[in-house]
$ cat work-v9.txt   # compact mmCIF, C-alpha atoms
# COMPACT_ATOMS: atom_id res chain seq x y z
CA MET A 1 23.81 25.48 -13.93
CA ALA A 2 25.51 22.79 -15.97
CA ASP A 3 28.71 22.84 -13.89
CA THR A 4 29.98 19.42 -12.90
CA LEU A 5 29.64 18.61 -9.20
CA TYR A 6 32.59 16.95 -7.47
CA PHE A 7 33.20 15.38 -4.06
CA GLU A 8 34.14 18.83 -2.73
CA ASP A 9 30.69 20.19 -3.60
CA PHE A 10 28.96 18.14 -0.89
CA PRO A 11 30.08 19.51 2.51
CA LEU A 12 29.47 17.50 5.66
CA GLY A 13 26.27 18.43 7.45
CA GLU A 14 24.78 20.35 4.55
CA MET A 15 20.98 20.31 4.32
CA ILE A 16 19.34 21.54 1.12
CA GLU A 17 15.79 21.39 -0.20
CA TYR A 18 14.71 21.04 -3.82
CA GLY A 19 12.15 19.47 -6.10
CA GLY A 20 8.43 19.88 -6.27
CA ILE A 21 6.31 17.16 -7.85
CA HIS A 22 2.54 16.91 -7.90
CA VAL A 23 1.23 13.35 -7.57
CA SER A 24 -2.04 12.52 -9.33
CA ALA A 25 -4.30 9.50 -9.04
CA ALA A 26 -3.44 8.71 -12.68
CA ASP A 27 0.31 8.70 -11.87
CA ILE A 28 -0.22 6.39 -8.91
CA ILE A 29 -2.34 3.95 -10.90
CA ALA A 30 -0.01 3.96 -13.93
CA PHE A 31 3.09 3.10 -11.88
CA ALA A 32 1.25 0.46 -9.89
CA ARG A 33 -0.22 -1.25 -12.97
CA ASP A 34 3.30 -1.69 -14.32
CA PHE A 35 5.11 -2.62 -11.13
CA ASP A 36 2.95 -2.98 -8.00
CA PRO A 37 -0.51 -4.24 -8.96
CA GLN A 38 -2.09 -4.34 -5.51
CA PRO A 39 -5.70 -3.07 -5.25
CA PHE A 40 -4.94 -0.20 -2.83
CA HIS A 41 -2.54 1.20 -5.49
CA THR A 42 -4.60 0.53 -8.63
CA ASP A 43 -8.31 0.68 -7.74
CA GLU A 44 -9.88 3.75 -6.10
CA GLU A 45 -12.87 1.86 -4.80
CA ALA A 46 -10.90 -1.02 -3.28
CA ALA A 47 -8.46 1.52 -1.82
CA ARG A 48 -11.29 3.48 -0.19
CA ALA A 49 -12.41 0.39 1.67
CA SER A 50 -8.94 -0.68 2.87
CA MET A 51 -6.78 2.45 3.08
CA GLY A 52 -9.19 5.40 3.05
CA GLY A 53 -8.32 5.98 -0.61
CA LEU A 54 -5.54 5.35 -3.12
CA ILE A 55 -1.96 5.35 -1.86
CA ALA A 56 1.16 5.38 -4.00
CA SER A 57 3.45 2.37 -4.15
CA GLY A 58 6.44 3.03 -1.91
CA TRP A 59 8.63 2.26 -4.91
CA HIS A 60 6.81 4.93 -6.88
CA THR A 61 7.82 7.42 -4.18
CA SER A 62 11.41 6.11 -4.51
CA ALA A 63 11.24 6.69 -8.27
CA LEU A 64 9.91 10.24 -7.76
CA LEU A 65 12.82 10.93 -5.39
CA LEU A 66 15.18 9.71 -8.12
CA ARG A 67 13.59 12.08 -10.65
CA MET A 68 13.92 15.05 -8.30
CA ASN A 69 17.54 14.05 -7.60
CA CYS A 70 18.30 13.86 -11.34
CA GLU A 71 16.81 17.29 -11.90
CA ALA A 72 18.58 18.85 -8.91
CA PHE A 73 22.07 17.35 -9.16
CA LEU A 74 22.55 13.70 -10.18
CA THR A 75 22.89 14.26 -13.92
CA ARG A 76 25.75 16.74 -13.42
CA ALA A 77 27.57 14.96 -10.58
CA ALA A 78 30.90 13.24 -11.41
CA ILE A 79 29.66 9.82 -10.27
CA LEU A 80 32.05 6.87 -10.41
CA GLU A 81 29.73 4.43 -8.67
CA GLU A 82 26.44 4.24 -6.82
CA THR A 83 27.62 2.51 -3.67
CA GLY A 84 24.12 1.30 -2.82
CA VAL A 85 21.22 1.90 -0.49
CA GLU A 86 21.55 1.40 3.27
CA GLU A 87 17.98 2.09 4.37
CA VAL A 88 14.50 2.91 3.07
CA ARG A 89 11.55 3.60 5.36
CA TRP A 90 8.04 4.51 4.27
CA GLN A 91 6.67 6.65 7.05
CA ARG A 92 3.43 8.10 5.71
CA PRO A 93 1.25 7.31 2.70
CA VAL A 94 1.53 9.41 -0.47
CA ARG A 95 -1.94 10.18 -1.82
CA PRO A 96 -3.40 11.83 -4.94
CA GLY A 97 -2.95 15.60 -4.78
CA ASP A 98 0.19 15.44 -2.66
CA GLN A 99 3.01 17.83 -3.52
CA LEU A 100 6.42 16.33 -2.75
CA HIS A 101 9.88 17.82 -2.42
CA VAL A 102 13.24 16.63 -1.10
CA ARG A 103 15.37 17.48 1.92
CA ARG A 104 18.88 16.16 1.40
CA HIS A 105 21.33 15.83 4.30
CA THR A 106 25.03 15.04 3.82
CA LEU A 107 25.61 12.53 6.62
CA ALA A 108 29.20 11.45 5.96
CA ARG A 109 32.04 11.92 3.48
CA ARG A 110 35.50 10.39 3.20
CA PRO A 111 38.20 9.83 0.57
CA ARG A 112 37.90 6.29 -0.86
CA GLU A 113 40.78 4.15 0.39
CA GLY A 114 43.06 3.12 -2.42
CA ALA A 115 41.21 5.22 -5.01
CA ALA A 116 43.14 8.35 -5.88
CA ASN A 117 41.00 11.43 -6.48
CA ALA A 118 37.73 9.84 -5.41
CA GLY A 119 35.52 10.23 -2.37
CA GLU A 120 32.37 8.64 -0.95
CA VAL A 121 29.43 10.71 0.20
CA GLU A 122 26.49 9.34 2.20
CA PHE A 123 23.18 11.16 1.90
CA LEU A 124 19.94 10.99 3.86
CA TYR A 125 17.04 11.97 1.64
CA GLU A 126 13.64 12.85 3.06
CA VAL A 127 10.67 13.00 0.68
CA VAL A 128 8.48 15.65 2.29
CA ASN A 129 4.81 16.36 1.59
CA GLN A 130 2.90 19.66 1.53
CA ALA A 131 2.31 19.40 5.30
CA GLY A 132 6.08 19.28 5.89
CA GLU A 133 5.93 15.61 6.94
CA ALA A 134 8.42 13.00 5.70
CA ALA A 135 6.59 10.37 3.64
CA MET A 136 9.80 8.42 3.05
CA ILE A 137 13.46 8.45 3.94
CA GLN A 138 16.32 6.87 2.03
CA ARG A 139 19.97 6.62 3.01
CA SER A 140 22.39 5.92 0.16
CA GLY A 141 25.83 6.76 -1.14
CA LEU A 142 27.79 7.90 -4.17
CA LEU A 143 31.44 7.55 -5.10
CA LEU A 144 32.43 10.84 -6.75
CA LYS A 145 35.50 12.19 -8.47
CA GLN A 146 37.44 14.84 -6.60
CA ARG A 147 37.73 18.20 -8.35
CA PRO A 148 40.66 18.17 -10.79
CA GLN A 149 43.56 20.36 -9.65
CA PRO A 150 44.81 23.05 -12.03
CA LEU A 151 48.03 21.99 -13.77
CA GLY A 152 51.21 23.02 -11.95
CA ASN A 153 49.76 22.61 -8.43
CA MET B 154 -3.17 -20.44 -5.91
CA ALA B 155 -5.19 -17.66 -4.23
CA ASP B 156 -4.56 -18.97 -0.70
CA THR B 157 -3.50 -16.32 1.78
CA LEU B 158 0.12 -16.61 2.91
CA TYR B 159 0.85 -16.15 6.62
CA PHE B 160 3.99 -15.82 8.76
CA GLU B 161 4.12 -19.63 9.00
CA ASP B 162 4.43 -19.94 5.22
CA PHE B 163 7.96 -18.50 5.15
CA PRO B 164 10.27 -21.00 6.86
CA LEU B 165 13.75 -19.94 7.95
CA GLY B 166 16.43 -20.68 5.37
CA GLU B 167 14.02 -21.33 2.51
CA MET B 168 15.31 -20.46 -0.96
CA ILE B 169 12.85 -20.32 -3.83
CA GLU B 170 13.06 -19.07 -7.40
CA TYR B 171 10.32 -17.43 -9.45
CA GLY B 172 9.59 -14.80 -12.03
CA GLY B 173 10.82 -14.37 -15.55
CA ILE B 174 10.78 -10.93 -17.18
CA HIS B 175 12.27 -9.92 -20.49
CA VAL B 176 13.80 -6.44 -20.49
CA SER B 177 13.67 -4.50 -23.76
CA ALA B 178 15.42 -1.29 -24.79
CA ALA B 179 11.99 0.35 -24.99
CA ASP B 180 11.23 -0.63 -21.36
CA ILE B 181 14.57 0.74 -20.18
CA ILE B 182 14.10 4.05 -22.01
CA ALA B 183 10.46 4.48 -20.91
CA PHE B 184 11.25 4.04 -17.21
CA ALA B 185 14.30 6.30 -17.42
CA ARG B 186 12.44 9.09 -19.23
CA ASP B 187 9.93 9.19 -16.39
CA PHE B 188 12.27 8.75 -13.44
CA ASP B 189 16.01 8.59 -14.24
CA PRO B 190 16.77 10.75 -17.30
CA GLN B 191 20.51 10.12 -17.56
CA PRO B 192 21.91 9.60 -21.09
CA PHE B 193 23.19 6.04 -20.46
CA HIS B 194 19.58 5.05 -19.58
CA THR B 195 17.71 7.02 -22.28
CA ASP B 196 19.94 7.37 -25.36
CA GLU B 197 21.41 4.32 -27.14
CA GLU B 198 24.16 6.31 -28.83
CA ALA B 199 25.31 8.15 -25.71
CA ALA B 200 25.15 4.85 -23.81
CA ARG B 201 27.32 3.10 -26.40
CA ALA B 202 30.08 5.65 -25.86
CA SER B 203 29.98 5.60 -22.05
CA MET B 204 28.69 2.18 -20.96
CA GLY B 205 29.01 -0.07 -24.02
CA GLY B 206 25.27 0.28 -24.60
CA LEU B 207 22.05 1.07 -22.75
CA ILE B 208 21.78 -0.02 -19.12
CA ALA B 209 18.62 -0.05 -17.02
CA SER B 210 18.21 2.35 -14.14
CA GLY B 211 18.91 0.47 -10.91
CA TRP B 212 15.51 1.63 -9.69
CA HIS B 213 13.91 0.09 -12.76
CA THR B 214 15.43 -3.24 -11.71
CA SER B 215 13.99 -2.64 -8.21
CA ALA B 216 10.57 -2.03 -9.76
CA LEU B 217 10.83 -5.23 -11.83
CA LEU B 218 11.69 -7.16 -8.65
CA LEU B 219 8.56 -5.68 -7.08
CA ARG B 220 6.44 -6.82 -10.02
CA MET B 221 7.82 -10.36 -9.84
CA ASN B 222 7.21 -10.37 -6.07
CA CYS B 223 3.61 -9.23 -6.55
CA GLU B 224 3.00 -11.97 -9.10
CA ALA B 225 4.67 -14.66 -6.99
CA PHE B 226 3.37 -13.89 -3.49
CA LEU B 227 3.00 -10.29 -2.29
CA THR B 228 -0.59 -9.77 -3.38
CA ARG B 229 -1.76 -12.80 -1.40
CA ALA B 230 0.41 -12.34 1.71
CA ALA B 231 -1.29 -11.17 4.93
CA ILE B 232 0.91 -8.08 5.21
CA LEU B 233 0.44 -5.77 8.18
CA GLU B 234 3.40 -3.54 7.39
CA GLU B 235 6.40 -3.24 5.09
CA THR B 236 9.11 -2.79 7.69
CA GLY B 237 11.48 -1.21 5.18
CA VAL B 238 14.58 -1.89 3.16
CA GLU B 239 17.93 -2.58 4.83
CA GLU B 240 20.17 -2.84 1.78
CA VAL B 241 20.21 -2.53 -2.00
CA ARG B 242 23.30 -3.26 -4.12
CA TRP B 243 23.51 -3.07 -7.89
CA GLN B 244 26.11 -5.63 -8.84
CA ARG B 245 25.91 -5.94 -12.63
CA PRO B 246 24.22 -3.85 -15.33
CA VAL B 247 20.85 -4.94 -16.74
CA ARG B 248 20.85 -4.56 -20.52
CA PRO B 249 18.29 -4.88 -23.35
CA GLY B 250 17.51 -8.53 -24.00
CA ASP B 251 18.20 -9.64 -20.44
CA GLN B 252 15.84 -12.17 -18.91
CA LEU B 253 15.48 -11.69 -15.15
CA HIS B 254 14.13 -13.86 -12.38
CA VAL B 255 14.21 -13.84 -8.57
CA ARG B 256 15.93 -15.95 -5.94
CA ARG B 257 14.34 -15.28 -2.55
CA HIS B 258 16.06 -16.34 0.69
CA THR B 259 14.34 -16.20 4.09
CA LEU B 260 17.12 -14.80 6.28
CA ALA B 261 15.34 -14.33 9.60
CA ARG B 262 11.89 -14.60 11.20
CA ARG B 263 10.59 -13.78 14.68
CA PRO B 264 7.29 -13.01 16.39
CA ARG B 265 6.83 -9.24 16.72
CA GLU B 266 7.25 -8.22 20.37
CA GLY B 267 4.03 -6.89 21.80
CA ALA B 268 2.01 -7.69 18.68
CA ALA B 269 -0.17 -10.72 19.19
CA ASN B 270 -0.46 -12.98 16.16
CA ALA B 271 2.11 -11.17 14.05
CA GLY B 272 5.63 -11.98 12.92
CA GLU B 273 8.44 -10.29 11.03
CA VAL B 274 10.23 -11.97 8.14
CA GLU B 275 13.44 -10.70 6.56
CA PHE B 276 14.11 -11.63 2.94
CA LEU B 277 17.17 -11.40 0.73
CA TYR B 278 16.12 -11.08 -2.90
CA GLU B 279 18.55 -11.63 -5.74
CA VAL B 280 17.57 -10.47 -9.22
CA VAL B 281 19.33 -12.97 -11.45
CA ASN B 282 20.01 -12.69 -15.18
CA GLN B 283 20.04 -15.37 -17.91
CA ALA B 284 23.71 -16.13 -17.11
CA GLY B 285 22.79 -16.95 -13.50
CA GLU B 286 24.50 -13.80 -12.19
CA ALA B 287 22.94 -11.50 -9.61
CA ALA B 288 22.34 -8.08 -11.14
CA MET B 289 20.95 -6.71 -7.88
CA ILE B 290 20.31 -7.75 -4.30
CA GLN B 291 17.78 -6.28 -1.90
CA ARG B 292 17.28 -7.07 1.78
CA SER B 293 13.92 -6.05 3.24
CA GLY B 294 11.24 -7.14 5.65
CA LEU B 295 7.52 -7.72 6.09
CA LEU B 296 5.32 -7.85 9.16
CA LEU B 297 2.80 -10.63 8.53
CA LYS B 298 -0.24 -12.01 10.32
CA GLN B 299 0.14 -15.42 11.89
CA ARG B 300 -2.20 -18.09 10.58
CA PRO B 301 -5.53 -17.95 12.43
CA GLN B 302 -6.07 -20.95 14.71
CA PRO B 303 -9.22 -23.02 14.24
CA LEU B 304 -11.83 -22.21 16.90
CA GLY B 305 -11.61 -24.40 19.97
CA ASN B 306 -7.80 -24.79 19.91

$ encode --input "work-v9.txt" --output "structure tokens"
Amino acid sequence: MADTLYFEDFPLGEMIEYGGIHVSAADIIAFARDFDPQPFHTDEEAARASMGGLIASGWHTSALLLRMNCEAFLTRAAILEETGVEEVRWQRPVRPGDQLHVRRHTLARRPREGAANAGEVEFLYEVVNQAGEAAMIQRSGLLLKQRPQPLGN
Amino acid sequence: MADTLYFEDFPLGEMIEYGGIHVSAADIIAFARDFDPQPFHTDEEAARASMGGLIASGWHTSALLLRMNCEAFLTRAAILEETGVEEVRWQRPVRPGDQLHVRRHTLARRPREGAANAGEVEFLYEVVNQAGEAAMIQRSGLLLKQRPQPLGN
């Protein structure tokens, strides 16, 4: 499980699913108090009036995606650089009691020009709820090391 | 200060600066333990060896931008929809002791087609450190209500 993941370990067109995080009202409120103090994220009563109940900050959902990515692969990937984020869309609210997982698609991959033994991979991540609906998508990339060749090759 | 902000309150080409957040090692570690448990975000010793010291998760910097945006204007803006994020780039590490603020540029604005009394605004946010360098940029948009016209006009 602790094997390092290289550029070669992310084939074009691959789709894999992983993760599984339960979102509580307390989690939603705690994140929002620190970073997104708007009443529909921090106050159940105010949220009921405006949004039919508490909804998670979209950036909380982004942070939960990050945690699931760390647990599934990021901490053992041979990352040289996070090349950045190309797109985030929040498509459905995340509410207390939701159970989220990730669908990761490998959209593109190419050797990095001028960088020996490195390659860029572009992922589309969907954060999917218990009804199978995408609550959020994010498109972003990593620059990864290529797998070292055995000596003598 | 509590006046509602409408589409008309974000003129094209405007650049304003606001915010002011001190980032501590404890803040960096707390965020990373919850959402980005990689050793260069959570462990001072491991970070010293690999990164010359602790660096904040890029998504922590995004969350701090959100907090400064809430305090400066988001909570009083007449937001109909967050249209999403078009770009995030992490340009320099954020380290313990850094003091961050925001430079917000209004890149584009247009009435929303088919939506009476609504307009889209696209912002470029720079998260700037105490040396005046951008640690992160984010480009994203809001759909806002237009200012209500007085009756009789």

$ calpha_fit_and_write --input "work-v9.txt" --fixed "chain A" --moving "chain B" --output "mmCIF file with C-alpha atoms, in the frame of the given file"
data_model
loop_
_atom_site.group_PDB
_atom_site.id
_atom_site.type_symbol
_atom_site.label_atom_id
_atom_site.label_comp_id
_atom_site.auth_asym_id
_atom_site.auth_seq_id
_atom_site.Cartn_x
_atom_site.Cartn_y
_atom_site.Cartn_z
ATOM 1 C CA MET B 154 23.799 25.473 -13.900
ATOM 2 C CA ALA B 155 25.539 22.782 -15.989
ATOM 3 C CA ASP B 156 28.723 22.829 -13.884
ATOM 4 C CA THR B 157 29.997 19.405 -12.909
ATOM 5 C CA LEU B 158 29.649 18.615 -9.204
ATOM 6 C CA TYR B 159 32.598 16.936 -7.475
ATOM 7 C CA PHE B 160 33.219 15.364 -4.056
ATOM 8 C CA GLU B 161 34.152 18.823 -2.733
ATOM 9 C CA ASP B 162 30.701 20.175 -3.595
ATOM 10 C CA PHE B 163 28.962 18.146 -0.876
ATOM 11 C CA PRO B 164 30.094 19.509 2.496
ATOM 12 C CA LEU B 165 29.492 17.499 5.662
ATOM 13 C CA GLY B 166 26.274 18.421 7.445
ATOM 14 C CA GLU B 167 24.785 20.361 4.541
ATOM 15 C CA MET B 168 20.990 20.323 4.310
ATOM 16 C CA ILE B 169 19.352 21.538 1.124
ATOM 17 C CA GLU B 170 15.814 21.392 -0.222
ATOM 18 C CA TYR B 171 14.719 21.018 -3.836
ATOM 19 C CA GLY B 172 12.160 19.477 -6.112
ATOM 20 C CA GLY B 173 8.432 19.876 -6.283
ATOM 21 C CA ILE B 174 6.291 17.158 -7.870
ATOM 22 C CA HIS B 175 2.532 16.902 -7.911
ATOM 23 C CA VAL B 176 1.229 13.347 -7.569
ATOM 24 C CA SER B 177 -2.046 12.535 -9.326
ATOM 25 C CA ALA B 178 -4.305 9.495 -9.042
ATOM 26 C CA ALA B 179 -3.469 8.709 -12.672
ATOM 27 C CA ASP B 180 0.284 8.696 -11.880
ATOM 28 C CA ILE B 181 -0.245 6.398 -8.903
ATOM 29 C CA ILE B 182 -2.371 3.947 -10.902
ATOM 30 C CA ALA B 183 -0.041 3.946 -13.939
ATOM 31 C CA PHE B 184 3.057 3.098 -11.892
ATOM 32 C CA ALA B 185 1.215 0.441 -9.892
ATOM 33 C CA ARG B 186 -0.242 -1.254 -12.979
ATOM 34 C CA ASP B 187 3.272 -1.690 -14.336
ATOM 35 C CA PHE B 188 5.089 -2.625 -11.143
ATOM 36 C CA ASP B 189 2.935 -2.985 -7.999
ATOM 37 C CA PRO B 190 -0.545 -4.243 -8.954
ATOM 38 C CA GLN B 191 -2.119 -4.326 -5.495
ATOM 39 C CA PRO B 192 -5.732 -3.070 -5.236
ATOM 40 C CA PHE B 193 -4.950 -0.190 -2.826
ATOM 41 C CA HIS B 194 -2.543 1.194 -5.487
ATOM 42 C CA THR B 195 -4.630 0.532 -8.630
ATOM 43 C CA ASP B 196 -8.339 0.676 -7.736
ATOM 44 C CA GLU B 197 -9.898 3.759 -6.093
ATOM 45 C CA GLU B 198 -12.896 1.854 -4.765
ATOM 46 C CA ALA B 199 -10.919 -1.022 -3.261
ATOM 47 C CA ALA B 200 -8.485 1.526 -1.807
ATOM 48 C CA ARG B 201 -11.308 3.496 -0.185
ATOM 49 C CA ALA B 202 -12.422 0.403 1.713
ATOM 50 C CA SER B 203 -8.954 -0.664 2.881
ATOM 51 C CA MET B 204 -6.779 2.462 3.091
ATOM 52 C CA GLY B 205 -9.196 5.409 3.047
ATOM 53 C CA GLY B 206 -8.319 6.003 -0.603
ATOM 54 C CA LEU B 207 -5.554 5.359 -3.124
ATOM 55 C CA ILE B 208 -1.971 5.351 -1.860
ATOM 56 C CA ALA B 209 1.160 5.386 -4.003
ATOM 57 C CA SER B 210 3.421 2.370 -4.143
ATOM 58 C CA GLY B 211 6.424 3.024 -1.904
ATOM 59 C CA TRP B 212 8.619 2.259 -4.902
ATOM 60 C CA HIS B 213 6.803 4.930 -6.883
ATOM 61 C CA THR B 214 7.821 7.422 -4.190
ATOM 62 C CA SER B 215 11.406 6.108 -4.519
ATOM 63 C CA ALA B 216 11.234 6.684 -8.275
ATOM 64 C CA LEU B 217 9.921 10.235 -7.769
ATOM 65 C CA LEU B 218 12.826 10.919 -5.388
ATOM 66 C CA LEU B 219 15.165 9.696 -8.124
ATOM 67 C CA ARG B 220 13.589 12.059 -10.648
ATOM 68 C CA MET B 221 13.924 15.034 -8.302
ATOM 69 C CA ASN B 222 17.548 14.044 -7.617
ATOM 70 C CA CYS B 223 18.300 13.842 -11.343
ATOM 71 C CA GLU B 224 16.805 17.281 -11.911
ATOM 72 C CA ALA B 225 18.586 18.830 -8.926
ATOM 73 C CA PHE B 226 22.081 17.330 -9.180
ATOM 74 C CA LEU B 227 22.576 13.687 -10.187
ATOM 75 C CA THR B 228 22.903 14.243 -13.920
ATOM 76 C CA ARG B 229 25.750 16.717 -13.426
ATOM 77 C CA ALA B 230 27.596 14.928 -10.600
ATOM 78 C CA ALA B 231 30.917 13.218 -11.423
ATOM 79 C CA ILE B 232 29.680 9.810 -10.272
ATOM 80 C CA LEU B 233 32.064 6.864 -10.410
ATOM 81 C CA GLU B 234 29.743 4.425 -8.671
ATOM 82 C CA GLU B 235 26.440 4.230 -6.817
ATOM 83 C CA THR B 236 27.619 2.494 -3.669
ATOM 84 C CA GLY B 237 24.117 1.292 -2.828
ATOM 85 C CA VAL B 238 21.225 1.908 -0.503
ATOM 86 C CA GLU B 239 21.547 1.385 3.254
ATOM 87 C CA GLU B 240 17.983 2.087 4.347
ATOM 88 C CA VAL B 241 14.513 2.914 3.058
ATOM 89 C CA ARG B 242 11.545 3.609 5.357
ATOM 90 C CA TRP B 243 8.042 4.511 4.259
ATOM 91 C CA GLN B 244 6.685 6.663 7.042
ATOM 92 C CA ARG B 245 3.426 8.120 5.718
ATOM 93 C CA PRO B 246 1.245 7.310 2.701
ATOM 94 C CA VAL B 247 1.523 9.421 -0.461
ATOM 95 C CA ARG B 248 -1.946 10.191 -1.806
ATOM 96 C CA PRO B 249 -3.415 11.844 -4.933
ATOM 97 C CA GLY B 250 -2.956 15.601 -4.764
ATOM 98 C CA ASP B 251 0.192 15.440 -2.654
ATOM 99 C CA GLN B 252 3.002 17.818 -3.524
ATOM 100 C CA LEU B 253 6.420 16.324 -2.763
ATOM 101 C CA HIS B 254 9.874 17.795 -2.429
ATOM 102 C CA VAL B 255 13.257 16.627 -1.121
ATOM 103 C CA ARG B 256 15.367 17.471 1.906
ATOM 104 C CA ARG B 257 18.898 16.155 1.386
ATOM 105 C CA HIS B 258 21.344 15.836 4.301
ATOM 106 C CA THR B 259 25.042 15.038 3.824
ATOM 107 C CA LEU B 260 25.633 12.524 6.619
ATOM 108 C CA ALA B 261 29.216 11.453 5.965
ATOM 109 C CA ARG B 262 32.060 11.919 3.470
ATOM 110 C CA ARG B 263 35.528 10.378 3.195
ATOM 111 C CA PRO B 264 38.202 9.810 0.562
ATOM 112 C CA ARG B 265 37.918 6.285 -0.860
ATOM 113 C CA GLU B 266 40.822 4.163 0.405
ATOM 114 C CA GLY B 267 43.101 3.140 -2.413
ATOM 115 C CA ALA B 268 41.256 5.219 -5.007
ATOM 116 C CA ALA B 269 43.181 8.332 -5.900
ATOM 117 C CA ASN B 270 41.033 11.401 -6.479
ATOM 118 C CA ALA B 271 37.765 9.825 -5.396
ATOM 119 C CA GLY B 272 35.533 10.213 -2.365
ATOM 120 C CA GLU B 273 32.392 8.636 -0.959
ATOM 121 C CA VAL B 274 29.436 10.706 0.203
ATOM 122 C CA GLU B 275 26.501 9.349 2.193
ATOM 123 C CA PHE B 276 23.178 11.160 1.889
ATOM 124 C CA LEU B 277 19.947 10.991 3.847
ATOM 125 C CA TYR B 278 17.037 11.982 1.626
ATOM 126 C CA GLU B 279 13.646 12.854 3.044
ATOM 127 C CA VAL B 280 10.674 13.003 0.685
ATOM 128 C CA VAL B 281 8.487 15.648 2.279
ATOM 129 C CA ASN B 282 4.817 16.360 1.590
ATOM 130 C CA GLN B 283 2.896 19.668 1.520
ATOM 131 C CA ALA B 284 2.327 19.406 5.301
ATOM 132 C CA GLY B 285 6.092 19.281 5.895
ATOM 133 C CA GLU B 286 5.961 15.609 6.924
ATOM 134 C CA ALA B 287 8.424 13.006 5.684
ATOM 135 C CA ALA B 288 6.596 10.389 3.633
ATOM 136 C CA MET B 289 9.791 8.418 3.043
ATOM 137 C CA ILE B 290 13.464 8.452 3.944
ATOM 138 C CA GLN B 291 16.314 6.871 2.020
ATOM 139 C CA ARG B 292 19.972 6.614 3.005
ATOM 140 C CA SER B 293 22.395 5.899 0.163
ATOM 141 C CA GLY B 294 25.830 6.736 -1.134
ATOM 142 C CA LEU B 295 27.802 7.890 -4.158
ATOM 143 C CA LEU B 296 31.447 7.538 -5.093
ATOM 144 C CA LEU B 297 32.432 10.825 -6.737
ATOM 145 C CA LYS B 298 35.510 12.189 -8.474
ATOM 146 C CA GLN B 299 37.458 14.829 -6.610
ATOM 147 C CA ARG B 300 37.740 18.179 -8.347
ATOM 148 C CA PRO B 301 40.679 18.164 -10.775
ATOM 149 C CA GLN B 302 43.543 20.394 -9.627
ATOM 150 C CA PRO B 303 44.776 23.097 -11.995
ATOM 151 C CA LEU B 304 48.024 22.071 -13.710
ATOM 152 C CA GLY B 305 51.134 23.158 -11.863
ATOM 153 C CA ASN B 306 49.663 22.778 -8.346
#

$ closest_residue --input "work-v9.txt" --among "A:Arg147, A:Arg48, A:His22, A:Arg112" --to "Asp98 (chain A)" --atoms "only C-alpha atoms"
A:His22

$ residues_around --input "work-v9.txt" --residues "Gly166 (chain B)" --least-positions-apart "4" --cutoff "7 Å" --atoms "all atoms listed in the file" --output "PyMOL selection string"
chain B and resi 258-260

$ interface_residues --input "work-v9.txt" --of "chain B" --to "chain A" --cutoff "12 Å" --atoms "all atoms listed in the file" --output "NGL selection string"
:B and (174 or 180 or 183-194 or 203 or 210-230 or 232-246 or 289-294)

$ write_last_selection --input "work-v9.txt" --atoms "C-alpha atoms" --output "CSV table (one decimal), in the frame of the given file"
chain,number,residue,atom,x,y,z
B,174,ILE,CA,10.8,-10.9,-17.2
B,180,ASP,CA,11.2,-0.6,-21.4
B,183,ALA,CA,10.5,4.5,-20.9
B,184,PHE,CA,11.2,4.0,-17.2
B,185,ALA,CA,14.3,6.3,-17.4
B,186,ARG,CA,12.4,9.1,-19.2
B,187,ASP,CA,9.9,9.2,-16.4
B,188,PHE,CA,12.3,8.8,-13.4
B,189,ASP,CA,16.0,8.6,-14.2
B,190,PRO,CA,16.8,10.8,-17.3
B,191,GLN,CA,20.5,10.1,-17.6
B,192,PRO,CA,21.9,9.6,-21.1
B,193,PHE,CA,23.2,6.0,-20.5
B,194,HIS,CA,19.6,5.0,-19.6
B,203,SER,CA,30.0,5.6,-22.0
B,210,SER,CA,18.2,2.4,-14.1
B,211,GLY,CA,18.9,0.5,-10.9
B,212,TRP,CA,15.5,1.6,-9.7
B,213,HIS,CA,13.9,0.1,-12.8
B,214,THR,CA,15.4,-3.2,-11.7
B,215,SER,CA,14.0,-2.6,-8.2
B,216,ALA,CA,10.6,-2.0,-9.8
B,217,LEU,CA,10.8,-5.2,-11.8
B,218,LEU,CA,11.7,-7.2,-8.6
B,219,LEU,CA,8.6,-5.7,-7.1
B,220,ARG,CA,6.4,-6.8,-10.0
B,221,MET,CA,7.8,-10.4,-9.8
B,222,ASN,CA,7.2,-10.4,-6.1
B,223,CYS,CA,3.6,-9.2,-6.6
B,224,GLU,CA,3.0,-12.0,-9.1
B,225,ALA,CA,4.7,-14.7,-7.0
B,226,PHE,CA,3.4,-13.9,-3.5
B,227,LEU,CA,3.0,-10.3,-2.3
B,228,THR,CA,-0.6,-9.8,-3.4
B,229,ARG,CA,-1.8,-12.8,-1.4
B,230,ALA,CA,0.4,-12.3,1.7
B,232,ILE,CA,0.9,-8.1,5.2
B,233,LEU,CA,0.4,-5.8,8.2
B,234,GLU,CA,3.4,-3.5,7.4
B,235,GLU,CA,6.4,-3.2,5.1
B,236,THR,CA,9.1,-2.8,7.7
B,237,GLY,CA,11.5,-1.2,5.2
B,238,VAL,CA,14.6,-1.9,3.2
B,239,GLU,CA,17.9,-2.6,4.8
B,240,GLU,CA,20.2,-2.8,1.8
B,241,VAL,CA,20.2,-2.5,-2.0
B,242,ARG,CA,23.3,-3.3,-4.1
B,243,TRP,CA,23.5,-3.1,-7.9
B,244,GLN,CA,26.1,-5.6,-8.8
B,245,ARG,CA,25.9,-5.9,-12.6
B,246,PRO,CA,24.2,-3.8,-15.3
B,289,MET,CA,21.0,-6.7,-7.9
B,290,ILE,CA,20.3,-7.8,-4.3
B,291,GLN,CA,17.8,-6.3,-1.9
B,292,ARG,CA,17.3,-7.1,1.8
B,293,SER,CA,13.9,-6.0,3.2
B,294,GLY,CA,11.2,-7.1,5.6

$ closest_residue --input "work-v9.txt" --among "B:Glu266, B:Val176, B:Pro249, B:Ile182" --to "Gly206 (chain B)" --atoms "all atoms listed in the file"
B:Pro249
